[in-house]
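**Q** I have a structure here, written as structure tokens, and I will follow up with some questions on it.
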Amino acid sequence: MANTPVRVRFAPSPTGYLHVGGARTALYNYLFAKHHGGEFILRVEDTDQARSTEESMRMQIADLQWLGLNWDEGPDPLTLKDFGPYGPYRQSQRLAIYKEHAERLIQSGKAYYCFMTDEELEQQRQQAMRDGVNIQIQSPYRDQSLAESLSRLQNGEKASVRFKAPASRDFLLKDLVRGDVTFPSDMVGDFVILRSSGMPVYNFCCAVDDALMKITHVFRAEEHLSNTLRQMMLYEAFGYIMPEFGHLSIILGPDRQKLSKRHGATSCHDYAQNGYLPEALNNFVALLGWSSPEGAEILSMEDMIRQFSHDRLNASPAVFDEQKLLWVNSTHLRALDGVELWRRIEPFVSAAGLELPKDQNWRLQALEAFRPKLTALKDAVELMRPLVEGLVPITEEAQEALNWPSTRMVVEAWKNAVEGMAGDYLDEAQFMNLQNEIQNTSGVKGKHLFMPIRVAVIGKPQGTELKMLVPLLHKKTLLARAQAVLDQIKG
RNA sequence: GUCCCCUUCGUCUAGGGGCCUAGGACAUCUCCCUUUCACGGAGAAGACACGAGUUCAAAUCUCGUAGGGGACGCCA
């Protein structure tokens, strides 16, 4: 046991983008694997043909890649071709394996063909509801001879395959997160393992695959807790070794209901688009149900791998707090070095069509001016917008400053001073001198001095320090904007 | 309805019989820094769901109650 290499998997069903809950599940599995020097496997659970699409699979793979949760076995992110010794890793391509396993169960009398109609099933459910008892399907075909079933099949009748649930015995699950969980013997009835279409169902595939892929530990969402009983029965029937399970609590929205689309952004893709860093999303989501033994709140992937252990996993549900995510994001963002930060911001800035100088020094300087204000990459767009060449709109909030009697004089003095400067850009020292000069000659000081100048520079009375802003703007732009403000005061 | 799981500041959490006058983080508020807005720094306020029991001692163990969540599919 001690020598068994750790093998864990993340097994999403490809129906849309990766949800943040899925991201957390994937992350925990990944961290567990890396912490123990084990393997992290990606398996695609696409047996629901109605909902699974290849497009979704690509999206999920892209999201996982974005998060940096790279798998050691599974579909190749680019070609989608499987790599690893236990493939295929897409359940839709493992049908022969499931069929063979189902056959094994049928032959040994542990499963049987069931010819019940949807109406019959529904009737039983209704009846059970009315009687206030646990819903269990009682199939009349449980004891039908295999020969008879086969002949009906021969005649073209359709049948599902049901597993004969062993009754009258409790199952004990030693859950890695919840401790001992006892499932009563009659919790489930005979359940379907093969649909009448021949397609296997989740619980069956999952058990077979985890066994065949030599999975040692499974961390998955709480909604699978009761599925575990079915899977335990299957493991027993096959004589396979069961992995250890840990059931994670679900993530809630602010209204304490299960996090869903109506709560706003819930997919990793949304967060990527809104300028969140993958390291921040990983960090935040990790803290929703796990805590660092060192009490750290800001953690890198390396930190998490080093510190991760399943016994610090929390069994109670957690509310997704957008505010804290934003804080985690801004903290990671500000810690990035200039070159890297610009690399991340670039796509947002160019998507917005901002034409900014290409000069590397200019860009790094601009970044430093705005760094303390960044909470998400997307913010850079509005922050940088005043740095384009030419005029910018003068905002509503600027009006108060424009109405001050001294403003006109200040802006005129500012414009004249800039005009008198040599060179295309002012540096910080030049600006400071110039500013002192205006103060001395005009006698205006404090906000009556600074706000009008700021409006003349960026069109807004508030924002980043002028001494950082002004050196980023070309003299021509400075002059044009000052003139625009003067025009507005006149008019 | 039946079964399973969960319950510490508004939120994420630490804690696992005495270190608890319950610690940290986000958010909130106050002050400092700052000639603006932020960043940063200091501080304030704020929780053991309820009721029994076990014990010299309970946030911590047990049982009930309430509330929340999940499962009960030929979904995953």
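In the structure tokens, the first chain shown is A, the next is B, and so on; residue numbers restart at 1 for each chain, and ligands run from 1 in the order shown.
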What residues in chain A have any atom no more than 6 Å from chain B when counting only C-alpha atoms (C1' of nucleotides), and can you write them as a PDB file with C-alpha atoms, in the first residue's frame?

**A**
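Contents of selection.pdb, as written:
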ATOM      1  CA  MET A 129     -43.476   8.229  -3.404  1.00  0.00           C
ATOM      2  CA  GLY A 132     -43.362   7.152   1.594  1.00  0.00           C
ATOM      3  CA  VAL A 133     -40.734   4.528   1.023  1.00  0.00           C
ATOM      4  CA  ASN A 134     -37.406   4.599  -0.685  1.00  0.00           C
ATOM      5  CA  ARG A 195     -29.071   1.378 -21.513  1.00  0.00           C
ATOM      6  CA  GLU A 223     -23.334  14.850  -5.360  1.00  0.00           C
ATOM      7  CA  SER A 226     -24.645   8.254  -2.916  1.00  0.00           C
ATOM      8  CA  SER A 316     -19.083  21.839   4.755  1.00  0.00           C
ATOM      9  CA  LYS A 324     -12.289  37.850  -2.072  1.00  0.00           C
ATOM     10  CA  PRO A 372      -1.618  49.800  -7.590  1.00  0.00           C
ATOM     11  CA  LYS A 373      -4.983  50.300  -9.263  1.00  0.00           C
ATOM     12  CA  GLY A 446      -3.733  72.442  -3.407  1.00  0.00           C
ATOM     13  CA  GLN A 462      -8.982  61.961 -10.112  1.00  0.00           C
ATOM     14  CA  GLY A 463      -6.520  59.234 -10.842  1.00  0.00           C
TER      15      GLY A 463
END

**Q** Which of range 116-334 of chain A end up as strand (DSSP E or B) when DSSP is run on this backbone - answer as a ChimeraX atom specification?

**A** /A:160-163,171-175,179-183,191-194,200,217-221,244-248,251-252,258,267,290,313,318-319

**Q** Rounded to one decimal in Å, what is the spacing between CA of Arg344 in chain A and CA of Pro278 in chain A?

**A**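 These atoms are spaced 11.0 Å apart.
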
**Q** Would you kindly return, as a ChimeraX atom specification, each protein, DNA or RNA residue with an atom no farther than 7 Å from any atom of range 449-459 of chain A, considering only C-alpha atoms (C1' of nucleotides) and excluding same-chain residues fewer than 5 positions away?

**A** /A:386,392-395,398,401-402,407,410-411,444,466,478,481-482,485

**Q** Go ahead and save the residues from that selection, with N, CA, C and O atoms, as a short mmCIF file (atom, residue, chain, number, x, y, z; two decimals), in the first residue's frame.

**A**
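In the end it all went to part.cif:
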data_model
loop_
_atom_site.label_atom_id
_atom_site.label_comp_id
_atom_site.auth_asym_id
_atom_site.auth_seq_id
_atom_site.Cartn_x
_atom_site.Cartn_y
_atom_site.Cartn_z
N PRO A 386 -6.44 56.84 -21.33
CA PRO A 386 -5.99 58.24 -21.43
C PRO A 386 -4.58 58.38 -21.99
O PRO A 386 -4.13 59.48 -22.25
N VAL A 392 -9.03 63.18 -25.25
CA VAL A 392 -9.86 62.22 -24.51
C VAL A 392 -11.10 62.96 -24.05
O VAL A 392 -11.07 64.19 -23.91
N PRO A 393 -12.17 62.27 -23.82
CA PRO A 393 -13.39 62.95 -23.35
C PRO A 393 -13.19 63.57 -21.97
O PRO A 393 -12.46 63.03 -21.15
N ILE A 394 -13.80 64.70 -21.75
CA ILE A 394 -13.75 65.34 -20.44
C ILE A 394 -14.99 64.90 -19.67
O ILE A 394 -16.11 65.11 -20.12
N THR A 395 -14.75 64.29 -18.53
CA THR A 395 -15.87 63.64 -17.84
C THR A 395 -16.74 64.62 -17.06
O THR A 395 -16.35 65.77 -16.81
N ALA A 398 -15.43 66.20 -13.93
CA ALA A 398 -14.43 67.25 -14.12
C ALA A 398 -15.05 68.64 -14.04
O ALA A 398 -14.37 69.64 -13.80
N ALA A 401 -14.33 71.17 -11.10
CA ALA A 401 -13.01 71.80 -11.16
C ALA A 401 -12.96 72.86 -12.26
O ALA A 401 -12.29 73.88 -12.13
N LEU A 402 -13.66 72.59 -13.34
CA LEU A 402 -13.63 73.54 -14.45
C LEU A 402 -14.36 74.84 -14.10
O LEU A 402 -14.11 75.89 -14.69
N THR A 407 -9.35 78.26 -12.40
CA THR A 407 -8.99 77.14 -13.26
C THR A 407 -8.44 77.58 -14.62
O THR A 407 -7.43 77.08 -15.10
N VAL A 410 -4.93 78.66 -14.42
CA VAL A 410 -4.03 77.53 -14.16
C VAL A 410 -3.77 76.75 -15.45
O VAL A 410 -2.62 76.44 -15.80
N VAL A 411 -4.83 76.45 -16.16
CA VAL A 411 -4.68 75.64 -17.37
C VAL A 411 -3.89 76.40 -18.44
O VAL A 411 -3.05 75.83 -19.15
N VAL A 444 -2.00 79.87 -6.91
CA VAL A 444 -3.01 78.83 -6.67
C VAL A 444 -2.30 77.57 -6.17
O VAL A 444 -1.24 77.21 -6.68
N LEU A 466 0.09 62.79 -11.12
CA LEU A 466 0.47 63.50 -12.33
C LEU A 466 1.92 63.30 -12.71
O LEU A 466 2.26 63.17 -13.88
N LEU A 478 -0.44 66.62 -24.89
CA LEU A 478 -0.63 67.46 -23.71
C LEU A 478 -1.22 68.82 -24.11
O LEU A 478 -2.16 69.31 -23.49
N ARG A 481 -4.86 68.61 -25.45
CA ARG A 481 -5.84 68.38 -24.39
C ARG A 481 -6.05 69.63 -23.55
O ARG A 481 -7.18 69.92 -23.12
N ALA A 482 -4.96 70.34 -23.29
CA ALA A 482 -5.08 71.58 -22.53
C ALA A 482 -5.97 72.57 -23.29
O ALA A 482 -6.83 73.23 -22.71
N VAL A 485 -9.62 71.75 -23.02
CA VAL A 485 -10.20 72.16 -21.75
C VAL A 485 -10.49 73.65 -21.76
O VAL A 485 -11.55 74.11 -21.32
#

**Q** Would you list the contacts of Leu383 in chain A as a list of chain:residue names, taking every protein, DNA or RNA residue within 10 Å and counting only C-alpha atoms (C1' of nucleotides), but skipping same-chain residues closer than 6 positions in sequence?

**A** A:Ala366, A:Leu367, A:Ala369, A:Phe370, A:Arg371, A:Lys373, A:Leu374, A:Gly463, A:Thr464

**Q** With N, CA and C atoms retained, could you export that selection as a PDB file, in the first residue's frame?

**A**
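Done, and the output landed in part-v2.pdb:
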ATOM      1  N   ALA A 366       4.531  52.879 -17.847  1.00  0.00           N
ATOM      2  CA  ALA A 366       3.078  53.029 -17.791  1.00  0.00           C
ATOM      3  C   ALA A 366       2.481  52.023 -16.802  1.00  0.00           C
ATOM      4  N   LEU A 367       3.008  50.827 -16.863  1.00  0.00           N
ATOM      5  CA  LEU A 367       2.523  49.764 -15.989  1.00  0.00           C
ATOM      6  C   LEU A 367       2.711  50.130 -14.520  1.00  0.00           C
ATOM      7  N   ALA A 369       2.842  52.989 -13.253  1.00  0.00           N
ATOM      8  CA  ALA A 369       1.935  54.061 -12.864  1.00  0.00           C
ATOM      9  C   ALA A 369       0.584  53.504 -12.444  1.00  0.00           C
ATOM     10  N   PHE A 370       0.167  52.432 -13.080  1.00  0.00           N
ATOM     11  CA  PHE A 370      -1.176  51.919 -12.825  1.00  0.00           C
ATOM     12  C   PHE A 370      -1.229  50.680 -11.947  1.00  0.00           C
ATOM     13  N   ARG A 371      -0.112  50.108 -11.692  1.00  0.00           N
ATOM     14  CA  ARG A 371      -0.071  48.837 -10.964  1.00  0.00           C
ATOM     15  C   ARG A 371      -0.931  48.817  -9.691  1.00  0.00           C
ATOM     16  N   LYS A 373      -3.540  50.194  -8.998  1.00  0.00           N
ATOM     17  CA  LYS A 373      -4.983  50.300  -9.263  1.00  0.00           C
ATOM     18  C   LYS A 373      -5.555  49.075  -9.942  1.00  0.00           C
ATOM     19  N   LEU A 374      -4.693  48.173 -10.367  1.00  0.00           N
ATOM     20  CA  LEU A 374      -5.160  46.997 -11.102  1.00  0.00           C
ATOM     21  C   LEU A 374      -5.794  45.970 -10.181  1.00  0.00           C
ATOM     22  N   GLY A 463      -7.257  60.316 -10.208  1.00  0.00           N
ATOM     23  CA  GLY A 463      -6.520  59.234 -10.842  1.00  0.00           C
ATOM     24  C   GLY A 463      -5.086  59.208 -10.374  1.00  0.00           C
ATOM     25  N   THR A 464      -4.288  58.594 -11.184  1.00  0.00           N
ATOM     26  CA  THR A 464      -2.881  58.390 -10.866  1.00  0.00           C
ATOM     27  C   THR A 464      -2.133  59.714 -10.715  1.00  0.00           C
TER      28      THR A 464
END

**Q** Mind pulling up the distance from CA of Met384 in chain A to CA of Asp63 in chain A?

**A**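 CA of Met384 in chain A lies at a distance of 27.9 Å from CA of Asp63 in chain A.
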
**Q** So that I can check the surroundings of range 175-182 of chain A, please list as a VMD selection string every protein, DNA and RNA residue that reaches within 9 Å of it, counting only C-alpha atoms (C1' of nucleotides) and ignoring chain neighbours fewer than 6 positions away.

**A** (chain A and resid 219 244 to 248 310 to 315) or (chain B and resid 4 to 5)

**Q** Give the helix (DSSP H, G or I) residues of range 408-451 of chain A, as DSSP finds them on the backbone, and put them as a ChimeraX atom specification.

**A** /A:408-419,428-442,447-451

**Q** Record the distance separating CA of Arg152 in chain A and CA of Phe115 in chain A, expressed in Å with one decimal.

**A**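 CA of Phe115 in chain A lies 9.2 Å from CA of Arg152 in chain A.
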
**Q** So, with only C-alpha atoms as the atoms that count, which of A:Pro293, A:Ile193, A:Gly198, A:Gln399 lies closest to Lys110 in chain A?

**A**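 Closest residue, counting only C-alpha atoms: A:Ile193.
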
**Q** Name all residues at most 10 Å from U8 in chain B (count only C-alpha atoms (C1' of nucleotides); drop same-chain ones fewer than 4 positions away) and give them as a tab-separated table (two decimals) with all heavy atoms, in the first residue's frame.

**A**
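Output saved as around34.tsv:
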chain	number	residue	atom	x	y	z
B	13	U	P	-14.81	27.26	3.54
B	13	U	OP1	-14.64	26.09	2.67
B	13	U	OP2	-15.96	27.33	4.47
B	13	U	O5'	-13.46	27.47	4.33
B	13	U	C5'	-13.30	27.03	5.66
B	13	U	C4'	-12.08	27.72	6.21
B	13	U	O4'	-12.37	29.12	6.40
B	13	U	C3'	-11.66	27.24	7.57
B	13	U	O3'	-10.85	26.07	7.43
B	13	U	C2'	-10.85	28.43	8.08
B	13	U	O2'	-9.58	28.49	7.48
B	13	U	C1'	-11.70	29.60	7.55
B	13	U	N1	-12.70	30.07	8.51
B	13	U	C2	-12.23	30.70	9.65
B	13	U	O2	-11.04	30.86	9.86
B	13	U	N3	-13.19	31.13	10.53
B	13	U	C4	-14.55	31.00	10.38
B	13	U	O4	-15.30	31.43	11.26
B	13	U	C5	-14.97	30.33	9.18
B	13	U	C6	-14.05	29.90	8.31
B	14	A	P	-10.84	25.01	8.58
B	14	A	OP1	-10.12	23.84	8.07
B	14	A	OP2	-12.21	24.86	9.14
B	14	A	O5'	-9.92	25.71	9.67
B	14	A	C5'	-8.58	26.04	9.33
B	14	A	C4'	-7.88	26.62	10.52
B	14	A	O4'	-8.48	27.87	10.91
B	14	A	C3'	-7.97	25.78	11.79
B	14	A	O3'	-7.03	24.73	11.75
B	14	A	C2'	-7.62	26.81	12.85
B	14	A	O2'	-6.22	27.01	12.95
B	14	A	C1'	-8.25	28.09	12.28
B	14	A	N9	-9.51	28.45	12.94
B	14	A	C8	-10.79	28.34	12.47
B	14	A	N7	-11.71	28.79	13.30
B	14	A	C5	-10.97	29.21	14.40
B	14	A	C6	-11.34	29.79	15.62
B	14	A	N6	-12.60	30.06	15.97
B	14	A	N1	-10.35	30.09	16.50
B	14	A	C2	-9.08	29.83	16.15
B	14	A	N3	-8.62	29.29	15.02
B	14	A	C4	-9.62	29.00	14.18
B	15	G	P	-7.39	23.26	12.22
B	15	G	OP1	-6.18	22.44	12.09
B	15	G	OP2	-8.65	22.85	11.59
B	15	G	O5'	-7.67	23.47	13.77
B	15	G	C5'	-6.68	24.06	14.61
B	15	G	C4'	-7.33	24.51	15.91
B	15	G	O4'	-8.38	25.45	15.62
B	15	G	C3'	-7.96	23.32	16.62
B	15	G	O3'	-7.68	23.32	18.01
B	15	G	C2'	-9.44	23.53	16.40
B	15	G	O2'	-10.23	23.06	17.45
B	15	G	C1'	-9.54	25.06	16.29
B	15	G	N9	-10.77	25.35	15.58
B	15	G	C8	-11.17	24.88	14.36
B	15	G	N7	-12.41	25.18	14.07
B	15	G	C5	-12.86	25.90	15.17
B	15	G	C6	-14.12	26.49	15.45
B	15	G	O6	-15.14	26.46	14.77
B	15	G	N1	-14.14	27.12	16.66
B	15	G	C2	-13.08	27.20	17.50
B	15	G	N2	-13.28	27.86	18.65
B	15	G	N3	-11.89	26.66	17.28
B	15	G	C4	-11.85	26.02	16.10
B	22	A	P	-12.95	35.73	23.02
B	22	A	OP1	-11.94	36.66	22.48
B	22	A	OP2	-14.32	35.77	22.48
B	22	A	O5'	-12.41	34.24	22.88
B	22	A	C5'	-11.03	33.98	22.57
B	22	A	C4'	-10.93	33.10	21.35
B	22	A	O4'	-11.97	32.10	21.41
B	22	A	C3'	-11.18	33.83	20.03
B	22	A	O3'	-10.01	34.44	19.55
B	22	A	C2'	-11.60	32.67	19.13
B	22	A	O2'	-10.49	31.92	18.71
B	22	A	C1'	-12.44	31.83	20.10
B	22	A	N9	-13.87	32.16	20.05
B	22	A	C8	-14.64	32.83	20.97
B	22	A	N7	-15.90	32.95	20.62
B	22	A	C5	-15.96	32.32	19.39
B	22	A	C6	-17.02	32.10	18.50
B	22	A	N6	-18.27	32.51	18.72
B	22	A	N1	-16.75	31.44	17.36
B	22	A	C2	-15.50	31.03	17.13
B	22	A	N3	-14.42	31.17	17.91
B	22	A	C4	-14.73	31.82	19.03
B	47	A	P	-20.40	38.64	17.62
B	47	A	OP1	-21.64	38.72	18.42
B	47	A	OP2	-19.08	38.89	18.26
B	47	A	O5'	-20.36	37.21	16.93
B	47	A	C5'	-21.51	36.72	16.23
B	47	A	C4'	-21.21	35.34	15.73
B	47	A	O4'	-19.94	35.37	15.03
B	47	A	C3'	-21.00	34.29	16.82
B	47	A	O3'	-22.24	33.76	17.25
B	47	A	C2'	-20.17	33.25	16.09
B	47	A	O2'	-20.97	32.45	15.25
B	47	A	C1'	-19.28	34.13	15.20
B	47	A	N9	-17.96	34.39	15.79
B	47	A	C8	-17.64	35.12	16.89
B	47	A	N7	-16.36	35.17	17.15
B	47	A	C5	-15.79	34.39	16.14
B	47	A	C6	-14.47	34.05	15.85
B	47	A	N6	-13.41	34.44	16.57
B	47	A	N1	-14.26	33.26	14.77
B	47	A	C2	-15.31	32.87	14.04
B	47	A	N3	-16.60	33.15	14.22
B	47	A	C4	-16.76	33.91	15.30
B	48	C	P	-22.40	33.19	18.72
B	48	C	OP1	-23.80	32.72	18.85
B	48	C	OP2	-21.86	34.19	19.63
B	48	C	O5'	-21.41	31.95	18.74
B	48	C	C5'	-21.94	30.62	18.76
B	48	C	C4'	-21.24	29.81	17.71
B	48	C	O4'	-19.83	29.95	17.95
B	48	C	C3'	-21.54	28.32	17.75
B	48	C	O3'	-21.57	27.84	16.41
B	48	C	C2'	-20.38	27.74	18.54
B	48	C	O2'	-20.07	26.45	18.09
B	48	C	C1'	-19.24	28.68	18.15
B	48	C	N1	-18.18	28.85	19.15
B	48	C	C2	-16.91	28.39	18.86
B	48	C	O2	-16.73	27.81	17.79
B	48	C	N3	-15.90	28.59	19.74
B	48	C	C4	-16.15	29.23	20.88
B	48	C	N4	-15.13	29.42	21.71
B	48	C	C5	-17.45	29.71	21.22
B	48	C	C6	-18.43	29.50	20.34
B	59	A	P	-17.73	25.73	25.04
B	59	A	OP1	-16.45	26.22	25.55
B	59	A	OP2	-18.99	26.28	25.62
B	59	A	O5'	-17.77	25.95	23.46
B	59	A	C5'	-18.99	25.86	22.75
B	59	A	C4'	-18.75	25.41	21.33
B	59	A	O4'	-17.71	26.24	20.77
B	59	A	C3'	-18.24	23.98	21.20
B	59	A	O3'	-19.32	23.09	21.02
B	59	A	C2'	-17.37	24.03	19.95
B	59	A	O2'	-18.15	23.89	18.78
B	59	A	C1'	-16.81	25.45	20.01
B	59	A	N9	-15.49	25.52	20.64
B	59	A	C8	-15.16	26.12	21.83
B	59	A	N7	-13.89	26.03	22.13
B	59	A	C5	-13.35	25.33	21.07
B	59	A	C6	-12.05	24.90	20.79
B	59	A	N6	-11.01	25.12	21.59
B	59	A	N1	-11.84	24.21	19.65
B	59	A	C2	-12.87	23.96	18.84
B	59	A	N3	-14.17	24.32	19.00
B	59	A	C4	-14.33	25.00	20.14
